[in-house]
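Trainee: Below is the structure I would like to discuss, written out as structure tokens.
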Amino acid sequence: MRLSAYFQQVLPLDKLILLLCSCYLLVDAFNGFLLNQFGRSFGFSALYKLLILNLMLTCLSLRTAKAFLLFPALFVLLVPGPFYSWLQLGGSLAADMGLMLKLISPFIAFYYLLSLAQLDKAFALKSMHQVFVVNYLIVLVNFVLGALGYGYTSYLPQQHLTQVDLGSKGFFNAANELSVVLLVLSAWLLQYYWRQQKLIFLAVAVSSVWCASLMLTKTGLLGTIILVLLIPLMPQLIRLNWSRLALMLVLLIVTAILLIWQAPLLLSHLGLAEKLQHIYQQQGLLGVLLSNRDKYAAEIWQVVSFYYSEGHRFFGVGLIGVSEHLWKYWAESDPFDLFIFYGVAGLMFFLWIFTGFIAQNLKLIRLFSSDLAATLVLLNLLLLLVACIAGHVISSGMLWPVWGFINAAALIHCSADTTAKKAEFVHVTQ
């Protein structure tokens, strides 16, 4: 077999990559277990994901050099500001290089799955579904262990709260990142089983809401409820005319008001009401929504403006530049953090990835009336909101495989439908 022909088929390397992706959240949970038991994780999770990224890049380099060249170009755009900070301050650029790698990782997963689908669409979609099912089950088992008292609480003990152990995230280390991972996994499974098996859809809906209520993050709980309520309506919403769509929106607003009306009872039952009430009394509604992130952002901006010139801030000062002066160097709002770290290029990168994914799926809705694309518009809008008010979405080390895969899946799914319709047309006309 010619070498070029060998690379134009599904390789054993692809099967290894997908197997590794199926277990990556288990590795994250084990990483958290090591931190919980020994106070160190030995970089186990980071090395595992770096292996996945290197294998994906190897496949991409063999199949599509154009997509492969995108990633060094993104590094070149983001690195000037942190590099200049390093020249001034010394120290290490390792944290900035690691963060930049996290930023481009969703694109690597996205283009990798597309390159695989060019060889075998059915295999790519089937394998991706298995990745989501296995990782969802890993998350579910983790929350069962959390409910039994193992692992971490979501919030640190606070003197003003009567309930000390508030929320549980099992053995995962970052509750905010786990929240968005749960949203992406749930979005795929909910839309898939709504079309395939309604009973499994109901089981996923109940288990996702249970996991979010156990974790007690605002974004996870509210986002999961929105997905459960709206995903079954997506096929109807994208086919409605404007008058019916307006009526549907009114009904959704009424439903949201009823949910908000019942929210105090729900939050009281979950144990979160006391915490939110205390924050509201101290900081008002903005404090409840942002959890001091506005104060962190103001402090970071003040320090960066004092120590660095306008020209330097235009290109960003990097993690290295902020951590030199502050121990709390994340405001935990992705657009703000990326602007501080990587300047205008960081902010444009943030806008590019979200507008790119949302615009792509809006186009698929217009061309193919795709239910999956409609779900992904909803999901990406939720992730955009979370990125702005809670952060750690675009910079998440846990989210990138499933986020890249799910956005590629809509393109693959529509392409597969088009191919099937063309084949059916040819068969009928013969």
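Labels for the structure tokens follow display order: chains A, B, ..., residues from 1 in each chain, ligands from 1.
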Could you name the residues that touch segment 117-131 of chain A at 8 Å or less, counting only C-alpha atoms, but leaving out those on the same chain fewer than 6 positions away, as a VMD selection string?
Mentor: chain A and resid 8 to 10 18 to 19 21 to 23 405 409 412 to 413 416
Trainee: Based on the selection just made, write N, CA and C atoms of those residues as a CSV table (one decimal), in the first residue's frame.
Mentor:
chain,number,residue,atom,x,y,z
A,8,GLN,N,-4.8,8.0,4.3
A,8,GLN,CA,-6.2,8.3,3.9
A,8,GLN,C,-7.2,7.3,4.4
A,9,GLN,N,-6.9,6.7,5.6
A,9,GLN,CA,-7.8,5.8,6.2
A,9,GLN,C,-7.8,5.9,7.7
A,10,VAL,N,-8.7,5.4,8.4
A,10,VAL,CA,-8.7,5.4,9.9
A,10,VAL,C,-7.6,4.6,10.4
A,18,LEU,N,-9.1,8.2,20.4
A,18,LEU,CA,-10.5,8.2,20.9
A,18,LEU,C,-10.6,7.4,22.2
A,19,LEU,N,-9.8,6.3,22.4
A,19,LEU,CA,-9.8,5.6,23.6
A,19,LEU,C,-9.3,6.5,24.8
A,21,CYS,N,-9.4,9.7,24.9
A,21,CYS,CA,-10.4,10.8,25.1
A,21,CYS,C,-11.6,10.2,25.9
A,22,SER,N,-11.9,8.9,25.8
A,22,SER,CA,-13.0,8.3,26.5
A,22,SER,C,-12.7,8.3,28.0
A,23,CYS,N,-11.4,8.3,28.4
A,23,CYS,CA,-11.0,8.1,29.8
A,23,CYS,C,-10.4,9.4,30.4
A,405,PHE,N,-15.1,18.6,20.0
A,405,PHE,CA,-15.8,17.5,19.3
A,405,PHE,C,-17.3,17.9,19.0
A,409,ALA,N,-19.2,18.0,15.5
A,409,ALA,CA,-20.2,17.0,15.2
A,409,ALA,C,-21.4,17.5,14.4
A,412,ILE,N,-20.3,17.5,10.8
A,412,ILE,CA,-20.2,16.1,10.3
A,412,ILE,C,-21.6,15.6,10.1
A,413,HIS,N,-22.5,15.8,11.0
A,413,HIS,CA,-23.9,15.3,10.9
A,413,HIS,C,-24.6,15.9,9.7
A,416,ALA,N,-23.1,14.3,6.6
A,416,ALA,CA,-23.6,12.9,6.4
A,416,ALA,C,-25.0,12.9,5.9
Trainee: Any chance you could tabulate, as a tab-separated table, the residues of segment 362-394 of chain A at most 9 Å from segment 228-236 of chain A with each one's nearest atom pair and distance in Å to one decimal, using only C-alpha atoms, in chain and rising number order?
Mentor:
residue	atom	partner	partner_atom	distance
A:Ser369	CA	A:Pro235	CA	8.3
A:Ser370	CA	A:Pro235	CA	8.1
A:Asp371	CA	A:Pro235	CA	5.5
A:Leu372	CA	A:Met234	CA	8.5
A:Ala374	CA	A:Met234	CA	6.4
A:Thr375	CA	A:Ile231	CA	6.2
A:Leu378	CA	A:Ile231	CA	8.6
Trainee: Could those selected residues go to a file with N, CA, C and O atoms, as a JSON list (two decimals), in the first residue's frame?
Mentor:
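Now in again.json:
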[["chain", "number", "residue", "atom", "x", "y", "z"],
["A", 369, "SER", "N", -31.72, 23.17, 8.65],
["A", 369, "SER", "CA", -32.70, 23.08, 9.76],
["A", 369, "SER", "C", -32.24, 22.04, 10.79],
["A", 369, "SER", "O", -33.02, 21.20, 11.25],
["A", 370, "SER", "N", -30.98, 22.13, 11.15],
["A", 370, "SER", "CA", -30.36, 21.13, 12.02],
["A", 370, "SER", "C", -30.75, 21.33, 13.48],
["A", 370, "SER", "O", -30.48, 22.39, 14.07],
["A", 371, "ASP", "N", -31.39, 20.32, 14.08],
["A", 371, "ASP", "CA", -31.73, 20.37, 15.51],
["A", 371, "ASP", "C", -30.46, 20.41, 16.36],
["A", 371, "ASP", "O", -30.41, 21.10, 17.38],
["A", 372, "LEU", "N", -29.45, 19.64, 15.97],
["A", 372, "LEU", "CA", -28.19, 19.62, 16.71],
["A", 372, "LEU", "C", -27.54, 20.99, 16.69],
["A", 372, "LEU", "O", -27.06, 21.48, 17.72],
["A", 374, "ALA", "N", -29.02, 23.84, 16.38],
["A", 374, "ALA", "CA", -29.81, 24.73, 17.24],
["A", 374, "ALA", "C", -29.45, 24.52, 18.71],
["A", 374, "ALA", "O", -29.32, 25.47, 19.48],
["A", 375, "THR", "N", -29.27, 23.26, 19.09],
["A", 375, "THR", "CA", -28.83, 22.96, 20.46],
["A", 375, "THR", "C", -27.47, 23.57, 20.74],
["A", 375, "THR", "O", -27.21, 24.10, 21.83],
["A", 378, "LEU", "N", -27.61, 27.29, 21.45],
["A", 378, "LEU", "CA", -28.01, 27.48, 22.85],
["A", 378, "LEU", "C", -26.84, 27.19, 23.80],
["A", 378, "LEU", "O", -26.55, 27.97, 24.71]]
Trainee: Rank A:Ala94, A:Leu145, A:Leu57, A:Val304 by their smallest atom-to-atom distance to Phe33 of chain A, using only C-alpha atoms, and report the top residue only.
Mentor: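 Distance minimum relative to Phe33 of chain A lands on A:Leu145.
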Trainee: Which residue is closest to Ala408 of chain A? Choose from A:Ser115, A:Asn380, A:Ser179, A:Thr219 and count only C-alpha atoms.
Mentor: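 Among the listed residues, A:Ser115 lies closest to Ala408 of chain A.
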Trainee: Phe368 of chain A: which residues within 12 Å, counting only C-alpha atoms, same-chain residues fewer than 5 positions away excluded, as an MDAnalysis selection string?
Mentor: chainID A and resid 235 238:239 360:363 373:374 410:411 413:418 421
Trainee: Write the residues you've just listed into a file as a compact mmCIF listing (two decimals), in the first residue's frame, and include C-alpha atoms for each of them.
Mentor:
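Contents of part34.txt, freshly written:
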# COMPACT_ATOMS: atom_id res chain seq x y z
CA PRO A 235 -37.09 21.09 16.55
CA ILE A 238 -36.33 26.44 14.40
CA ARG A 239 -39.42 25.77 12.27
CA GLN A 360 -21.20 28.13 12.09
CA ASN A 361 -24.21 26.58 13.81
CA LEU A 362 -26.56 29.41 12.79
CA LYS A 363 -25.53 28.72 9.19
CA ALA A 373 -26.93 22.98 15.44
CA ALA A 374 -29.81 24.73 17.24
CA ALA A 410 -22.83 19.40 13.83
CA LEU A 411 -20.82 19.89 10.64
CA HIS A 413 -23.87 15.32 10.95
CA CYS A 414 -25.14 17.77 8.32
CA SER A 415 -22.52 16.58 5.84
CA ALA A 416 -23.55 12.95 6.44
CA ASP A 417 -27.24 13.83 5.91
CA THR A 418 -26.39 15.61 2.65
CA LYS A 421 -29.83 12.41 0.50
Trainee: Could you check which of A:Leu199, A:Leu25, A:Ala205, A:Val79 is closest to Leu101 of chain A, using only C-alpha atoms?
Mentor: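 Distance minimum relative to Leu101 of chain A lands on A:Val79.
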Trainee: Would you please work out which residue, of A:Leu190, A:Met215, A:Ile52, A:Ala65, is nearest to Thr153 of chain A when using only C-alpha atoms?
Mentor: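 Checking each candidate against Thr153 of chain A, we get A:Met215 as the closest.
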Trainee: Measuring between only C-alpha atoms, which one of A:Pro12, A:Gly391, A:Gly170, A:Gly321 shows the shortest distance to Ser333 of chain A?
Mentor: A:Gly391
Trainee: Quick one: of A:Val377, A:Ile353, A:Val27, A:Leu214, who's nearest to Val393 of chain A, counting only C-alpha atoms?
Mentor: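 Closest to Val393 of chain A, using only C-alpha atoms: A:Ile353.
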Trainee: With a distance cut-off of 12 Å and only C-alpha atoms, select the neighbouring residues of Leu47 of chain A, excluding the residue or stretch itself and same-chain residues fewer than 6 positions from it, and output the selection as a VMD selection string.
Mentor: chain A and resid 24 27 to 28 31 41 53 to 54 98 397
Trainee: Which of segment 270-406 of chain A end up as helix (DSSP H, G or I) when DSSP is run on this backbone - answer as a ChimeraX atom specification?
Mentor: /A:270,273-290,293-307,310-315,318-323,334-368,371-389,400-406
